[in-house]
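K.L.:
The following file, my_file_15.csv, comprises CSV, C-alpha atoms and all ligand atoms:
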```
chain,number,residue,atom,x,y,z
V,162,MET,CA,137.2,208.0,90.2
V,163,GLN,CA,138.9,209.1,87.1
V,164,CYS,CA,137.6,211.0,84.1
V,165,PRO,CA,136.9,208.5,81.3
V,166,ALA,CA,138.1,211.1,78.7
V,167,CYS,CA,141.3,212.6,80.2
V,168,SER,CA,142.0,210.2,83.2
V,169,VAL,CA,142.3,213.1,85.6
V,170,GLU,CA,141.3,212.2,89.2
V,171,LEU,CA,137.8,213.8,89.7
V,172,LEU,CA,137.1,216.3,92.5
V,173,GLU,CA,134.6,215.0,95.1
V,174,GLU,CA,132.3,218.1,94.7
V,175,ASN,CA,131.9,217.2,91.0
V,176,ILE,CA,130.6,213.7,91.7
V,177,ASN,CA,126.9,213.4,92.3
V,178,ILE,CA,125.9,209.8,93.2
V,179,GLN,CA,122.2,210.7,93.6
V,180,THR,CA,121.8,212.1,90.1
V,181,ASP,CA,124.3,209.7,88.6
V,182,VAL,CA,126.2,212.5,87.0
V,183,ALA,CA,129.9,213.5,87.3
V,184,ARG,CA,131.8,216.4,85.7
V,185,CYS,CA,135.5,216.7,85.0
V,186,HIS,CA,137.0,219.9,86.2
V,187,ALA,CA,139.9,219.6,83.7
V,188,CYS,CA,138.2,218.8,80.4
V,189,LYS,CA,134.6,219.7,81.3
V,190,ASN,CA,133.5,216.2,80.3
V,191,VAL,CA,130.1,215.2,81.8
V,192,PHE,CA,129.3,211.5,82.1
V,193,LYS,CA,127.1,209.0,83.9
V,194,ILE,CA,128.7,207.4,87.0
V,195,SER,CA,126.8,204.1,86.5
V,196,GLU,CA,128.6,203.7,83.2
V,197,GLN,CA,131.9,203.7,85.1
V,198,VAL,CA,131.1,200.4,86.9
V,199,GLY,CA,134.1,198.2,86.5
V,200,LYS,CA,136.4,201.2,86.3
V,201,TYR,CA,136.2,202.6,89.8
V,202,VAL,CA,135.1,201.5,93.3
V,203,PRO,CA,132.3,203.3,95.1
V,204,PRO,CA,133.4,204.7,98.5
V,205,SER,CA,130.7,202.7,100.2
V,206,PHE,CA,132.3,199.4,99.1
V,207,ASP,CA,132.9,197.0,102.0
V,208,ILE,CA,134.9,193.8,101.2
V,209,THR,CA,133.4,192.1,104.3
V,210,LYS,CA,129.9,192.5,102.9
V,211,PRO,CA,129.8,190.4,99.7
V,212,PRO,CA,126.6,189.9,97.7
V,213,GLU,CA,124.5,186.7,98.4
V,214,GLY,CA,126.3,183.6,97.3
V,215,VAL,CA,129.8,184.9,97.7
V,216,THR,CA,131.8,183.7,100.7
V,217,VAL,CA,134.7,185.6,102.4
V,218,ASN,CA,137.4,183.5,104.2
V,219,GLN,CA,139.9,185.5,106.2
V,220,GLY,CA,143.1,183.5,106.7
V,221,THR,CA,146.1,184.6,108.7
V,222,HIS,CA,147.9,186.2,105.8
V,223,SER,CA,145.4,185.9,103.0
V,224,LEU,CA,141.8,186.5,102.0
V,225,GLU,CA,139.8,184.1,99.9
V,226,LEU,CA,136.7,185.3,98.1
V,227,GLY,CA,134.7,182.5,96.4
V,228,THR,CA,131.4,181.6,94.8
V,229,SER,CA,129.6,178.6,93.3
V,230,LEU,CA,129.4,178.2,89.6
V,231,ARG,CA,126.1,176.5,89.9
V,232,SER,CA,123.8,177.6,87.1
V,233,LEU,CA,120.6,176.7,85.4
V,234,ALA,CA,122.7,175.6,82.4
V,235,GLY,CA,124.0,172.8,84.6
V,236,CYS,CA,120.5,171.3,84.8
V,237,PHE,CA,120.5,171.0,81.0
V,238,LEU,CA,124.1,170.2,80.4
V,239,VAL,CA,124.2,167.2,82.7
V,240,PRO,CA,121.5,165.1,80.9
V,241,PHE,CA,122.6,166.5,77.6
V,242,SER,CA,126.2,165.5,77.9
V,243,ILE,CA,125.3,162.0,79.2
V,244,VAL,CA,122.8,161.5,76.3
V,245,TRP,CA,125.2,163.0,73.7
V,246,GLY,CA,128.2,161.0,75.0
V,247,GLY,CA,126.2,157.8,75.3
V,248,LEU,CA,124.7,158.0,71.8
V,249,SER,CA,127.9,159.0,70.0
V,250,ILE,CA,130.3,156.6,71.9
V,251,GLY,CA,127.7,153.9,71.9
V,252,GLY,CA,127.0,154.4,68.2
V,253,ILE,CA,130.6,154.3,67.3
V,254,TYR,CA,132.0,151.7,69.7
V,255,GLY,CA,128.8,149.8,70.6
V,256,THR,CA,129.0,147.3,67.8
V,257,GLN,CA,132.7,146.8,68.2
V,258,ILE,CA,132.2,146.0,71.9
V,259,VAL,CA,129.3,143.7,71.2
V,260,THR,CA,131.0,141.8,68.3
V,261,GLY,CA,134.5,142.0,69.8
V,262,GLU,CA,135.9,143.0,66.4
V,263,TRP,CA,137.9,146.2,66.4
V,264,ASP,CA,138.0,148.3,63.3
V,265,ILE,CA,140.9,150.8,63.3
V,266,ILE,CA,139.2,153.4,61.1
V,267,THR,CA,136.0,153.5,63.2
V,268,THR,CA,138.1,153.6,66.4
V,269,LEU,CA,140.1,156.6,65.1
V,270,PHE,CA,137.0,158.3,63.8
V,271,GLY,CA,135.4,158.1,67.3
V,272,ILE,CA,138.3,159.7,69.2
V,273,PRO,CA,137.1,163.3,68.7
V,274,PHE,CA,133.6,162.3,69.9
V,275,VAL,CA,135.1,160.7,73.0
V,276,LEU,CA,137.1,163.9,73.7
V,277,ILE,CA,134.0,166.2,73.1
V,278,SER,CA,132.0,163.9,75.4
V,279,PHE,CA,134.6,164.3,78.2
V,280,PHE,CA,134.7,168.0,77.6
V,281,LEU,CA,130.9,168.4,77.7
V,282,PHE,CA,130.7,166.2,80.8
V,283,GLY,CA,133.4,168.3,82.5
V,284,LEU,CA,131.5,171.5,81.7
V,285,ALA,CA,128.3,170.0,83.0
V,286,MET,CA,130.0,169.0,86.3
V,287,LEU,CA,131.5,172.5,86.6
V,288,ALA,CA,128.1,174.0,86.1
V,289,VAL,CA,126.7,171.9,89.0
V,290,PHE,CA,129.6,171.4,91.4
V,291,GLY,CA,132.1,174.0,90.3
V,292,ARG,CA,133.5,176.9,92.3
V,293,THR,CA,135.5,179.9,91.4
V,294,SER,CA,137.6,181.8,93.9
V,295,ILE,CA,140.3,184.3,94.3
V,296,THR,CA,142.9,184.2,97.1
V,297,LEU,CA,144.7,187.5,97.7
V,298,ASP,CA,147.7,188.1,99.9
V,299,SER,CA,150.5,190.6,100.1
V,300,ASN,CA,152.4,189.1,97.1
V,301,GLY,CA,149.5,188.8,94.7
V,302,GLY,CA,146.6,186.5,94.0
V,303,THR,CA,145.5,183.1,92.6
V,304,VAL,CA,142.3,182.6,90.7
V,305,PHE,CA,140.9,179.1,91.0
V,306,THR,CA,138.1,177.4,88.9
V,307,GLY,CA,137.3,173.8,89.5
V,308,ILE,CA,135.6,171.2,91.7
V,309,GLY,CA,136.9,170.6,95.2
V,310,ASN,CA,140.7,171.0,95.1
V,311,THR,CA,140.9,169.9,91.4
V,312,GLY,CA,140.9,172.6,88.9
V,313,TYR,CA,142.7,175.3,87.1
V,314,ARG,CA,144.8,178.0,88.9
V,315,ARG,CA,146.2,181.2,87.5
V,316,SER,CA,148.4,183.5,89.6
V,317,PHE,CA,149.6,187.0,89.4
V,318,THR,CA,151.9,189.2,91.5
V,319,TRP,CA,150.7,192.8,92.5
V,320,ASP,CA,154.0,194.3,91.4
V,321,LEU,CA,153.3,193.3,87.8
V,322,VAL,CA,149.6,194.3,87.6
V,323,THR,CA,149.1,197.2,85.2
V,324,ASP,CA,145.3,197.2,85.1
V,325,VAL,CA,142.2,195.7,86.7
V,326,SER,CA,138.9,196.1,84.9
V,327,ILE,CA,135.7,194.5,83.9
V,328,LYS,CA,135.9,193.7,80.2
V,329,THR,CA,133.0,192.8,77.9
V,330,THR,CA,133.6,190.3,75.0
V,331,TYR,CA,131.0,189.2,72.5
V,332,THR,CA,130.1,185.7,71.5
V,333,SER,CA,129.9,184.8,67.8
V,334,LYS,CA,126.1,185.4,68.1
V,335,GLY,CA,126.6,188.8,69.7
V,336,TYR,CA,125.8,188.0,73.3
V,337,PRO,CA,127.8,190.1,75.7
V,338,ASN,CA,130.0,188.2,78.3
V,339,LYS,CA,131.6,190.1,81.1
V,340,SER,CA,134.6,189.1,83.1
V,341,LEU,CA,137.1,190.5,85.5
V,342,VAL,CA,140.5,191.0,83.8
V,343,ILE,CA,143.7,191.4,85.8
V,344,GLN,CA,146.4,192.5,83.5
V,345,ALA,CA,149.8,191.3,84.8
V,346,LYS,CA,152.7,189.6,83.2
V,347,LYS,CA,150.0,187.2,81.9
V,348,LYS,CA,146.4,188.2,81.7
V,349,VAL,CA,144.3,186.6,84.4
V,350,THR,CA,140.5,186.5,83.9
V,351,MET,CA,137.8,185.3,86.3
V,352,GLY,CA,134.1,185.3,86.7
V,353,SER,CA,133.0,184.9,83.1
V,354,GLY,CA,129.3,184.2,83.2
V,355,LEU,CA,128.8,185.3,86.8
V,356,LYS,CA,125.9,187.5,87.8
V,357,GLU,CA,126.6,191.2,87.6
V,358,ASP,CA,126.5,191.9,91.4
V,359,LYS,CA,129.0,189.1,92.1
V,360,LEU,CA,131.3,190.2,89.2
V,361,THR,CA,131.2,193.8,90.4
V,362,TYR,CA,132.1,192.7,94.0
V,363,PHE,CA,135.1,190.7,92.8
V,364,PHE,CA,136.2,193.7,90.7
V,365,ASN,CA,135.8,196.1,93.6
V,366,ALA,CA,137.7,193.8,95.9
V,367,VAL,CA,140.7,193.3,93.6
V,368,TYR,CA,140.8,196.9,92.3
V,369,SER,CA,140.7,198.5,95.7
V,370,ILE,CA,143.5,196.3,97.1
V,371,TRP,CA,145.6,197.0,94.0
V,372,LYS,CA,145.0,200.8,94.2
V,373,LYS,CA,145.8,200.8,97.9
V,374,ARG,CA,149.1,199.0,97.3
V,375,LYS,CA,150.0,201.4,94.4
V,376,GLU,CA,149.4,204.4,96.6
V,377,HIS,CA,151.6,203.0,99.4
V,378,ILE,CA,154.4,202.4,97.0
V,379,VAL,CA,154.2,205.9,95.4
O,1,ZN,ZN,138.5,215.0,82.0
```
Spit out the file's structure as C-alpha cells when you get a sec.

P.N.:
Amino acid sequence: MQCPACSVELLEENINIQTDVARCHACKNVFKISEQVGKYVPPSFDITKPPEGVTVNQGTHSLELGTSLRSLAGCFLVPFSIVWGGLSIGGIYGTQIVTGEWDIITTLFGIPFVLISFFLFGLAMLAVFGRTSITLDSNGGTVFTGIGNTGYRRSFTWDLVTDVSIKTTYTSKGYPNKSLVIQAKKKVTMGSGLKEDKLTYFFNAVYSIWKKRKEHIV
C-alpha cells in the first residue's frame, strides 16, 4: 500500500487493518485504510475466490473473469423500451403503413425515434441477458460487454498500462458511478454500475497482476 499523500510504500508495522488506520513513516500522514479501496489490494485477496455472481475460467494461457449484467433496471427497461418504441414508431409510421402513402417529411422526422428505440431496446437486452468479462493473459487483457459472443471489446497490453484504479464519475443529477479504469494507450473502462464487491474484485485482480508484472520487469 502506498501513502495517499506522498506515494511512499508504507511499512507493514504502520498498517493496522483491525483499527482501519495506517500511518506514513515518511510524511507522518494518518489515514483510513478503507478509503484506499480501489488504490491497493489487501494481502488476503485471492483471485480464485470471487464474490457471488462472478465466474473464473482458467484457460491454458489465459484467465477469464466474468459476471452477468442482469439488474433490476432490466425488468423496467424491457417493457418500457417496447412500449416507447411501439408508440413512437407506430404513431409516426402507423398511418403511413395503413394507408400505404409515404410522406418524406414524416419519414425523416421518425428516424431519430427509430434509432432511440433500437438503443433503448439494446440497453434493455443488455440489462437482462448481458455479460461483462475481462480476459487476462501474458500480453494484456480484453474487456468484453455484450450478449453471447456479440458485443463490444476493448483491449490493452500490460507494457502500456500506466495506472489501474477505481474511478468515480458523477451523473448530471449528482449520482456517483464507479468503474474500473485501466489507463493504457487508450483508456479501458469496465464494470460501470456493478455492485461494489464485484467491482472491487475486478480491480484487485487486474491491479495485482499488473503490479506483479511491473515488479518482475524492474
Ligand atoms: Zn506519506

K.L.:
For ligand ZN 1 (chain O), list the contacting residues at 8 Å or closer, counting all atoms listed in the file, as a PyMOL selection string.

P.N.:
chain V and resi 163-169+171+184-190

K.L.:
For CA of Lys348 in chain V and CA of Glu225 in chain V, quote the distance in Å rounded to one decimal.

P.N.:
19.8 Å

K.L.:
Which residue out of V:Ser326, V:Ile308, V:Ser278, V:Gly283 has the minimum interatomic distance to Leu360 in chain V when only C-alpha atoms are used?

P.N.:
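The answer is V:Ser326, which sits nearest to Leu360 in chain V.
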
K.L.:
Work out how far apart CA of Asn300 in chain V and CA of Thr318 in chain V are and give it in Å to one decimal.

P.N.:
5.6 Å

K.L.:
Which residue, V:Val244, V:Gly354, V:Gly255, V:Leu224, has the smallest gap to Thr330 in chain V when you use all atoms listed in the file?

P.N.:
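Checking each of V:Val244, V:Gly354, V:Gly255, V:Leu224 against Thr330 in chain V, counting all atoms listed in the file, the winner is V:Gly354.
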
K.L.:
Can I get range 168-201 of chain V with N, CA and C atoms filled in, as a short mmCIF file (atom, residue, chain, number, x, y, z; two decimals), keeping the file's coordinate frame?

P.N.:
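Saved result, rebuild_0.cif, follows:
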```
data_model
loop_
_atom_site.label_atom_id
_atom_site.label_comp_id
_atom_site.auth_asym_id
_atom_site.auth_seq_id
_atom_site.Cartn_x
_atom_site.Cartn_y
_atom_site.Cartn_z
N SER V 168 141.35 210.98 82.10
CA SER V 168 142.00 210.20 83.20
C SER V 168 142.42 211.02 84.38
N VAL V 169 141.98 212.27 84.45
CA VAL V 169 142.30 213.10 85.60
C VAL V 169 141.46 212.58 86.81
N GLU V 170 142.02 212.62 88.01
CA GLU V 170 141.30 212.20 89.20
C GLU V 170 140.21 213.29 89.50
N LEU V 171 138.93 212.84 89.59
CA LEU V 171 137.80 213.80 89.70
C LEU V 171 137.80 214.41 91.14
N LEU V 172 137.30 215.63 91.24
CA LEU V 172 137.10 216.30 92.50
C LEU V 172 135.79 215.76 93.12
N GLU V 173 135.78 215.57 94.43
CA GLU V 173 134.60 215.00 95.10
C GLU V 173 133.36 215.86 94.86
N GLU V 174 133.50 217.19 94.85
CA GLU V 174 132.30 218.10 94.70
C GLU V 174 131.73 217.95 93.28
N ASN V 175 132.44 217.36 92.33
CA ASN V 175 131.90 217.20 91.00
C ASN V 175 131.28 215.86 90.72
N ILE V 176 131.20 215.05 91.78
CA ILE V 176 130.60 213.70 91.70
C ILE V 176 129.28 213.72 92.40
N ASN V 177 128.19 213.46 91.70
CA ASN V 177 126.90 213.40 92.30
C ASN V 177 126.27 212.03 92.17
N ILE V 178 126.40 211.22 93.23
CA ILE V 178 125.90 209.80 93.20
C ILE V 178 124.40 209.80 92.98
N GLN V 179 123.67 210.73 93.66
CA GLN V 179 122.20 210.70 93.60
C GLN V 179 121.69 210.92 92.18
N THR V 180 122.27 211.88 91.45
CA THR V 180 121.80 212.10 90.10
C THR V 180 122.56 211.33 89.05
N ASP V 181 123.56 210.54 89.52
CA ASP V 181 124.30 209.70 88.60
C ASP V 181 125.14 210.48 87.60
N VAL V 182 125.51 211.69 87.96
CA VAL V 182 126.20 212.50 87.00
C VAL V 182 127.56 213.00 87.65
N ALA V 183 128.60 212.97 86.86
CA ALA V 183 129.90 213.50 87.30
C ALA V 183 130.43 214.43 86.23
N ARG V 184 131.23 215.42 86.66
CA ARG V 184 131.80 216.40 85.70
C ARG V 184 133.27 216.50 85.97
N CYS V 185 134.03 216.54 84.88
CA CYS V 185 135.50 216.70 85.00
C CYS V 185 135.86 218.14 85.05
N HIS V 186 136.64 218.53 86.08
CA HIS V 186 137.00 219.90 86.20
C HIS V 186 138.11 220.30 85.16
N ALA V 187 138.80 219.29 84.67
CA ALA V 187 139.90 219.60 83.70
C ALA V 187 139.42 219.73 82.30
N CYS V 188 138.65 218.74 81.81
CA CYS V 188 138.20 218.80 80.40
C CYS V 188 136.75 219.07 80.22
N LYS V 189 136.04 219.31 81.34
CA LYS V 189 134.60 219.70 81.30
C LYS V 189 133.71 218.53 80.81
N ASN V 190 134.24 217.35 80.71
CA ASN V 190 133.50 216.20 80.30
C ASN V 190 132.41 215.86 81.32
N VAL V 191 131.15 215.64 80.88
CA VAL V 191 130.10 215.20 81.80
C VAL V 191 129.68 213.80 81.41
N PHE V 192 129.57 212.95 82.42
CA PHE V 192 129.30 211.50 82.10
C PHE V 192 128.47 210.90 83.25
N LYS V 193 127.87 209.74 82.94
CA LYS V 193 127.10 209.00 83.90
C LYS V 193 128.02 208.15 84.79
N ILE V 194 127.82 208.20 86.11
CA ILE V 194 128.70 207.40 87.00
C ILE V 194 128.41 205.93 86.83
N SER V 195 127.13 205.57 86.60
CA SER V 195 126.80 204.10 86.50
C SER V 195 127.50 203.48 85.31
N GLU V 196 127.86 204.29 84.31
CA GLU V 196 128.60 203.70 83.20
C GLU V 196 130.04 203.45 83.48
N GLN V 197 130.46 203.91 84.65
CA GLN V 197 131.90 203.70 85.10
C GLN V 197 132.04 202.46 85.91
N VAL V 198 130.96 201.67 86.09
CA VAL V 198 131.10 200.40 86.90
C VAL V 198 132.12 199.55 86.22
N GLY V 199 133.01 199.03 87.02
CA GLY V 199 134.10 198.20 86.50
C GLY V 199 135.31 199.05 86.18
N LYS V 200 135.24 200.37 86.50
CA LYS V 200 136.40 201.20 86.30
C LYS V 200 136.76 201.99 87.57
N TYR V 201 135.85 202.02 88.52
CA TYR V 201 136.20 202.60 89.80
C TYR V 201 135.39 201.90 90.91
#
```
